[in-house]
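Note: the block below is query20.cif and it holds mmCIF, C-alpha atoms.
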```
data_data
#
loop_
_atom_site.label_atom_id
_atom_site.label_comp_id
_atom_site.auth_asym_id
_atom_site.auth_seq_id
_atom_site.Cartn_x
_atom_site.Cartn_y
_atom_site.Cartn_z
CA MET A 3 -54.96 -58.17 -10.23
CA ALA A 4 -55.10 -56.75 -6.77
CA ALA A 5 -51.83 -55.66 -5.19
CA ARG A 6 -50.54 -57.72 -2.35
CA VAL A 7 -50.42 -55.90 0.94
CA VAL A 8 -47.43 -56.70 3.12
CA THR A 9 -47.63 -55.71 6.75
CA VAL A 10 -44.26 -55.20 8.42
CA THR A 11 -44.15 -55.23 12.16
CA ALA A 12 -41.06 -53.70 13.77
CA PRO A 13 -39.53 -55.86 16.46
CA THR A 14 -39.85 -54.63 19.96
CA PRO A 15 -36.44 -53.13 21.03
CA THR A 16 -34.83 -54.53 24.11
CA LEU A 17 -33.89 -52.42 27.10
CA LEU A 18 -30.25 -52.17 25.96
CA GLU A 19 -31.31 -51.09 22.49
CA ARG A 20 -33.60 -48.45 23.92
CA LEU A 21 -30.64 -47.09 25.91
CA TYR A 22 -28.39 -47.17 22.76
CA LEU A 23 -25.78 -49.04 24.78
CA PRO A 24 -24.70 -51.44 21.97
CA GLU A 25 -24.02 -48.53 19.60
CA VAL A 26 -22.18 -46.61 22.32
CA PHE A 27 -19.89 -49.55 23.11
CA LYS A 28 -19.24 -50.19 19.41
CA GLY A 29 -18.26 -46.54 18.90
CA LEU A 30 -16.00 -46.56 21.97
CA ALA A 31 -14.33 -49.76 20.81
CA ARG A 32 -13.58 -48.26 17.39
CA THR A 33 -12.24 -45.06 19.01
CA PHE A 34 -9.89 -46.99 21.32
CA ARG A 35 -8.65 -49.10 18.40
CA HIS A 36 -7.71 -45.95 16.49
CA LEU A 37 -6.13 -44.46 19.63
CA ALA A 38 -3.95 -47.50 20.21
CA LYS A 39 -2.96 -47.61 16.54
CA ASN A 40 -1.98 -43.89 16.50
CA LEU A 41 -0.03 -44.13 19.76
CA ALA A 42 2.00 -46.97 18.31
CA ASN A 43 2.81 -44.96 15.15
CA MET A 44 3.08 -41.28 16.09
CA LYS A 45 5.37 -40.40 13.18
CA GLY A 46 2.92 -41.79 10.65
CA LEU A 47 0.04 -39.55 11.73
CA PRO A 48 -1.34 -37.20 9.07
CA THR A 49 -1.73 -34.46 11.69
CA ILE A 50 0.96 -32.48 13.52
CA GLN A 51 1.27 -31.33 17.12
CA TYR A 52 0.68 -27.62 16.48
CA PRO A 53 2.08 -25.19 17.65
CA GLU A 54 5.08 -27.23 18.80
CA MET A 55 5.34 -28.74 15.32
CA ARG A 56 5.07 -26.70 12.12
CA ARG A 57 4.66 -27.79 8.56
CA LYS A 58 7.25 -26.80 5.98
CA TYR A 59 5.45 -24.99 3.21
CA SER A 60 6.53 -24.24 -0.34
CA GLU A 61 8.85 -21.34 -1.09
CA ARG A 62 5.99 -19.91 -3.18
CA PHE A 63 3.44 -20.06 -0.35
CA ARG A 64 1.03 -17.12 -0.38
CA GLY A 65 0.84 -15.76 3.14
CA ARG A 66 0.97 -12.32 4.79
CA HIS A 67 2.20 -9.47 2.60
CA ILE A 68 5.27 -7.31 3.20
CA LEU A 69 6.41 -4.04 1.65
CA LYS A 70 10.03 -4.03 0.53
CA THR A 71 12.36 -1.11 1.23
CA ARG A 72 15.25 0.47 -0.63
CA GLU A 73 18.81 0.51 0.63
CA ASP A 74 18.22 3.90 2.25
CA GLY A 75 15.26 2.50 4.24
CA THR A 76 12.47 4.17 2.27
CA LEU A 77 9.60 2.15 0.85
CA ALA A 78 10.17 0.86 -2.66
CA CYS A 79 6.50 1.50 -3.44
CA VAL A 80 5.91 4.49 -5.73
CA ALA A 81 2.11 4.57 -5.25
CA CYS A 82 1.36 3.71 -8.87
CA TYR A 83 -1.93 2.00 -7.89
CA MET A 84 -1.14 -1.05 -10.04
CA CYS A 85 -1.68 -3.53 -7.18
CA GLU A 86 -4.89 -1.79 -6.10
CA THR A 87 -6.18 -1.97 -9.68
CA ALA A 88 -5.23 -5.63 -10.15
CA CYS A 89 -6.71 -6.80 -6.82
CA PRO A 90 -9.85 -8.87 -7.52
CA ALA A 91 -11.04 -8.58 -3.92
CA ASP A 92 -10.70 -4.77 -3.77
CA CYS A 93 -8.91 -5.07 -0.44
CA ILE A 94 -5.98 -2.67 -1.07
CA LYS A 95 -6.23 1.06 -0.35
CA ILE A 96 -3.47 3.48 -1.40
CA GLU A 97 -3.15 7.24 -1.02
CA ALA A 98 -0.19 8.90 -2.73
CA GLY A 99 1.92 11.85 -1.63
CA GLU A 100 4.88 13.80 -2.97
CA HIS A 101 8.14 12.23 -1.78
CA PRO A 102 10.59 14.59 -0.03
CA VAL A 103 13.36 13.10 -2.19
CA LEU A 104 12.77 14.54 -5.62
CA ALA A 105 14.14 11.48 -7.44
CA TYR A 106 11.43 9.23 -5.95
CA GLU A 107 8.51 11.48 -7.00
CA LYS A 108 5.65 9.69 -5.22
CA TYR A 109 5.28 7.44 -2.21
CA PRO A 110 2.29 5.95 -0.36
CA THR A 111 1.09 8.01 2.57
CA VAL A 112 -1.55 5.30 3.15
CA PHE A 113 -1.14 1.65 2.18
CA GLU A 114 -3.67 -0.72 3.73
CA ILE A 115 -4.64 -4.33 3.04
CA ASP A 116 -7.81 -5.81 4.52
CA MET A 117 -6.68 -9.35 5.31
CA LEU A 118 -10.28 -10.51 5.85
CA ARG A 119 -11.12 -9.67 2.24
CA CYS A 120 -7.83 -10.76 0.69
CA VAL A 121 -7.99 -14.02 -1.27
CA PHE A 122 -4.16 -14.42 -1.37
CA CYS A 123 -4.08 -14.72 -5.14
CA GLY A 124 -0.75 -12.92 -5.55
CA TYR A 125 -2.02 -10.61 -8.29
CA CYS A 126 -0.67 -7.58 -6.41
CA VAL A 127 2.82 -9.12 -6.45
CA ASP A 128 2.58 -9.80 -10.19
CA ALA A 129 1.31 -6.30 -10.98
CA CYS A 130 3.93 -4.32 -9.03
CA PRO A 131 6.53 -2.80 -11.41
CA LYS A 132 9.00 -2.09 -8.58
CA ASP A 133 9.03 -5.47 -6.75
CA ALA A 134 7.74 -3.50 -3.78
CA ILE A 135 5.23 -6.02 -2.42
CA TRP A 136 6.06 -9.65 -1.63
CA MET A 137 4.30 -12.37 0.30
CA THR A 138 5.61 -14.42 3.21
CA LYS A 139 4.87 -17.89 4.52
CA ASP A 140 3.09 -16.43 7.55
CA TYR A 141 -0.30 -18.14 7.80
CA GLU A 142 -1.10 -17.31 11.45
CA LEU A 143 -3.57 -14.53 10.71
CA ALA A 144 -6.00 -14.43 13.62
CA PHE A 145 -7.67 -11.19 14.71
CA PHE A 146 -9.96 -10.19 17.55
CA ASP A 147 -11.72 -7.44 15.60
CA ARG A 148 -12.04 -6.28 12.02
CA ARG A 149 -9.93 -3.16 12.50
CA SER A 150 -6.96 -5.30 13.55
CA ALA A 151 -7.23 -7.17 10.24
CA VAL A 152 -6.53 -3.99 8.24
CA LEU A 153 -2.74 -3.87 8.05
CA GLY A 154 -1.13 -0.51 7.35
CA ILE A 155 2.39 0.63 6.50
CA PRO A 156 3.85 -0.03 9.99
CA GLU A 157 2.60 -3.64 9.95
CA LEU A 158 3.39 -4.31 6.29
CA THR A 159 6.92 -2.87 6.15
CA GLU A 160 9.45 -5.71 6.08
CA LYS A 161 11.12 -6.39 9.43
CA PRO A 162 14.17 -8.52 10.34
CA SER A 163 11.84 -10.92 12.16
CA ASP A 164 10.15 -11.77 8.85
CA THR A 165 13.28 -13.48 7.56
CA GLY A 166 14.95 -14.40 10.86
CA PRO A 167 15.58 -17.99 11.99
CA ASP A 168 12.19 -18.14 13.73
CA GLY A 169 10.38 -16.01 11.14
CA PRO A 170 8.05 -17.21 8.40
CA GLY A 171 10.46 -16.38 5.57
CA TYR A 172 9.73 -15.24 2.04
CA GLY A 173 6.86 -16.82 0.18
CA TYR A 174 5.39 -15.83 -3.18
CA ARG A 175 7.53 -13.17 -4.86
CA PRO A 176 8.32 -12.09 -8.40
CA TYR A 177 11.72 -13.78 -8.61
CA GLU A 178 13.15 -16.73 -6.69
CA GLY A 179 16.73 -15.49 -6.90
CA GLU A 180 18.22 -12.10 -7.58
CA SER A 181 15.84 -9.71 -9.29
CA PRO A 182 16.60 -8.76 -12.90
CA MET A 183 16.23 -5.11 -11.83
CA ARG A 184 19.04 -5.50 -9.31
CA LYS A 185 21.18 -7.32 -11.87
CA ALA A 186 20.65 -4.48 -14.31
CA GLY A 187 21.55 -1.88 -11.67
CA GLN A 188 18.12 -0.29 -11.82
CA PHE A 189 17.17 -0.61 -8.15
CA GLU A 190 18.20 2.99 -7.45
CA PRO A 191 15.87 5.51 -9.05
CA SER A 192 17.09 6.98 -12.30
CA GLY A 193 16.71 10.53 -10.98
CA LEU A 194 19.38 10.24 -8.27
CA PRO A 195 22.25 11.48 -10.49
CA LEU A 196 20.25 14.65 -11.13
CA LEU A 197 20.04 15.63 -7.47
CA PRO A 198 23.42 17.50 -7.31
CA ALA A 199 22.58 19.44 -10.49
CA LEU A 200 19.15 20.31 -9.12
CA ALA A 201 20.68 21.48 -5.85
CA GLU A 202 23.16 23.74 -7.69
CA ARG A 203 20.32 25.10 -9.80
CA GLY A 204 18.38 25.97 -6.68
CA LEU A 205 21.36 27.79 -5.16
CA ALA A 206 21.90 29.70 -8.39
CA ILE A 207 18.27 30.77 -8.42
CA ASN A 208 18.55 31.96 -4.81
CA ARG A 209 21.67 34.03 -5.68
CA MET A 210 19.90 35.86 -8.48
CA PRO A 211 18.93 39.47 -7.65
CA PRO A 212 15.23 40.09 -7.22
CA PRO A 213 13.42 41.31 -10.32
CA PRO A 214 12.94 45.09 -10.67
CA PRO A 215 9.64 46.50 -9.49
CA PRO A 216 7.05 46.92 -12.20
CA LYS A 217 6.84 50.34 -13.86
CA PRO A 218 3.82 52.46 -12.92
CA ALA A 219 1.07 52.37 -15.46
CA ALA A 220 0.96 55.34 -17.85
CA PRO A 221 -2.02 57.70 -17.38
CA PRO A 222 -4.72 57.30 -19.99
CA ALA A 223 -4.44 59.63 -22.95
CA ALA A 224 -6.91 62.49 -23.10
CA LYS A 225 -9.60 62.18 -25.69
CA ALA A 226 -9.65 64.74 -28.49
CA PRO A 227 -12.62 67.17 -28.37
#
```
Is it possible to give me this structure as structure tokens?
Amino acid sequence: MAARVVTVTAPTPTLLERLYLPEVFKGLARTFRHLAKNLANMKGLPTIQYPEMRRKYSERFRGRHILKTREDGTLACVACYMCETACPADCIKIEAGEHPVLAYEKYPTVFEIDMLRCVFCGYCVDACPKDAIWMTKDYELAFFDRRSAVLGIPELTEKPSDTGPDGPGYGYRPYEGESPMRKAGQFEPSGLPLLPALAERGLAINRMPPPPPPKPAAPPAAKAP
């Protein structure tokens, strides 16, 4: 049986349809309906008037990182490379140096985080054994060039503005309240009590008389004929 052929002829569009005027007016009507509805219920809008209005994020929000400091102002980081090792994005760079305070041993001479590569997973915070790196609720991370996105020690060190009334505040961190290390009295390095003894030892070594000069070597014995 032969197939039936159906010929479809498209209707000739009118002038208005060729100018897309009906579709334009329908779109404008829908837009104005939404505009009038939103103006009548501003508080019910899903969007906010940024930057005048800001959302309140969770206390565990993962934003910009900060490096915590000890009570004497030095960085709590001991350059153990744990955060650099745990980072899945390989965006942390650390170079270690010998700390001038003997009890601290090491400290980071270079600590950089490439914020364009960071995935804000918080693994660095979890890996740190000294609670030295936390995250804030700062999400305004816009940069004009790539170099500006690499934050070093001056930018990462915690500042009063980070926790001030207008600051972002703490975000993701190891402990919500007081750290167990602080409760256990372990925030100060264990080597601090040894510093006075080490200083006295150094003075005693300096008071010791210099060692006697080495004796001249004996001449070689003559060989028997």
* Would you list the contacts of stretch 56-62 of chain A as a list in words, taking every protein, DNA or RNA residue within 9 Å and counting only C-alpha atoms, but skipping same-chain residues closer than 4 positions in sequence? => Ile50, Gln51, Tyr52, Met137, Thr138, Lys139, Gly171, Tyr172, Gly173, Tyr174, Arg175 and Glu178 of chain A
* Which distance in Å separates atom CA of A:Tyr83 and atom CA of A:Thr165, to one decimal? -> 26.6 Å
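The set of residues that the PyMOL selection byres ((chain A and resi 145-148) around 12) takes from this file is Ile115, Asp116, Met117, Leu118, Arg119, Glu142, Leu143, Ala144, Arg149, Ser150, Ala151, Val152 and Leu153 of chain A.
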* **For A:Ala81: contacts at 12 Å, all atoms listed in the file, fewer than 3 positions along chain excluded, given as a PyMOL selection string** => chain A and resi 69+77-78+84-87+94-101+106-114+130-132+134-135
With N, CA and C atoms as the target, complete stretch 14-25 of chain A and hand it back as an mmCIF file, keeping the file's coordinate frame.
```
data_model
loop_
_atom_site.group_PDB
_atom_site.id
_atom_site.type_symbol
_atom_site.label_atom_id
_atom_site.label_comp_id
_atom_site.auth_asym_id
_atom_site.auth_seq_id
_atom_site.Cartn_x
_atom_site.Cartn_y
_atom_site.Cartn_z
ATOM 1 N N THR A 14 -39.884 -55.431 18.745
ATOM 2 C CA THR A 14 -39.850 -54.630 19.960
ATOM 3 C C THR A 14 -38.408 -54.517 20.454
ATOM 4 N N PRO A 15 -37.832 -53.258 20.579
ATOM 5 C CA PRO A 15 -36.440 -53.130 21.030
ATOM 6 C C PRO A 15 -36.280 -53.567 22.469
ATOM 7 N N THR A 16 -35.142 -54.114 22.737
ATOM 8 C CA THR A 16 -34.830 -54.530 24.110
ATOM 9 C C THR A 16 -34.464 -53.299 24.934
ATOM 10 N N LEU A 17 -34.242 -53.532 26.216
ATOM 11 C CA LEU A 17 -33.890 -52.420 27.100
ATOM 12 C C LEU A 17 -32.540 -51.816 26.696
ATOM 13 N N LEU A 18 -31.564 -52.683 26.362
ATOM 14 C CA LEU A 18 -30.250 -52.170 25.960
ATOM 15 C C LEU A 18 -30.343 -51.352 24.678
ATOM 16 N N GLU A 19 -31.167 -51.830 23.740
ATOM 17 C CA GLU A 19 -31.310 -51.090 22.490
ATOM 18 C C GLU A 19 -32.007 -49.757 22.711
ATOM 19 N N ARG A 20 -32.951 -49.720 23.631
ATOM 20 C CA ARG A 20 -33.600 -48.450 23.920
ATOM 21 C C ARG A 20 -32.643 -47.467 24.583
ATOM 22 N N LEU A 21 -31.650 -47.941 25.282
ATOM 23 C CA LEU A 21 -30.640 -47.090 25.910
ATOM 24 C C LEU A 21 -29.453 -46.800 24.978
ATOM 25 N N TYR A 22 -29.459 -47.339 23.746
ATOM 26 C CA TYR A 22 -28.390 -47.170 22.760
ATOM 27 C C TYR A 22 -27.036 -47.667 23.272
ATOM 28 N N LEU A 23 -27.045 -48.569 24.222
ATOM 29 C CA LEU A 23 -25.780 -49.040 24.780
ATOM 30 C C LEU A 23 -24.950 -49.844 23.778
ATOM 31 N N PRO A 24 -25.535 -50.715 22.946
ATOM 32 C CA PRO A 24 -24.700 -51.440 21.970
ATOM 33 C C PRO A 24 -23.961 -50.489 21.018
ATOM 34 N N GLU A 25 -24.663 -49.476 20.512
ATOM 35 C CA GLU A 25 -24.020 -48.530 19.600
ATOM 36 C C GLU A 25 -22.933 -47.728 20.309
#
```
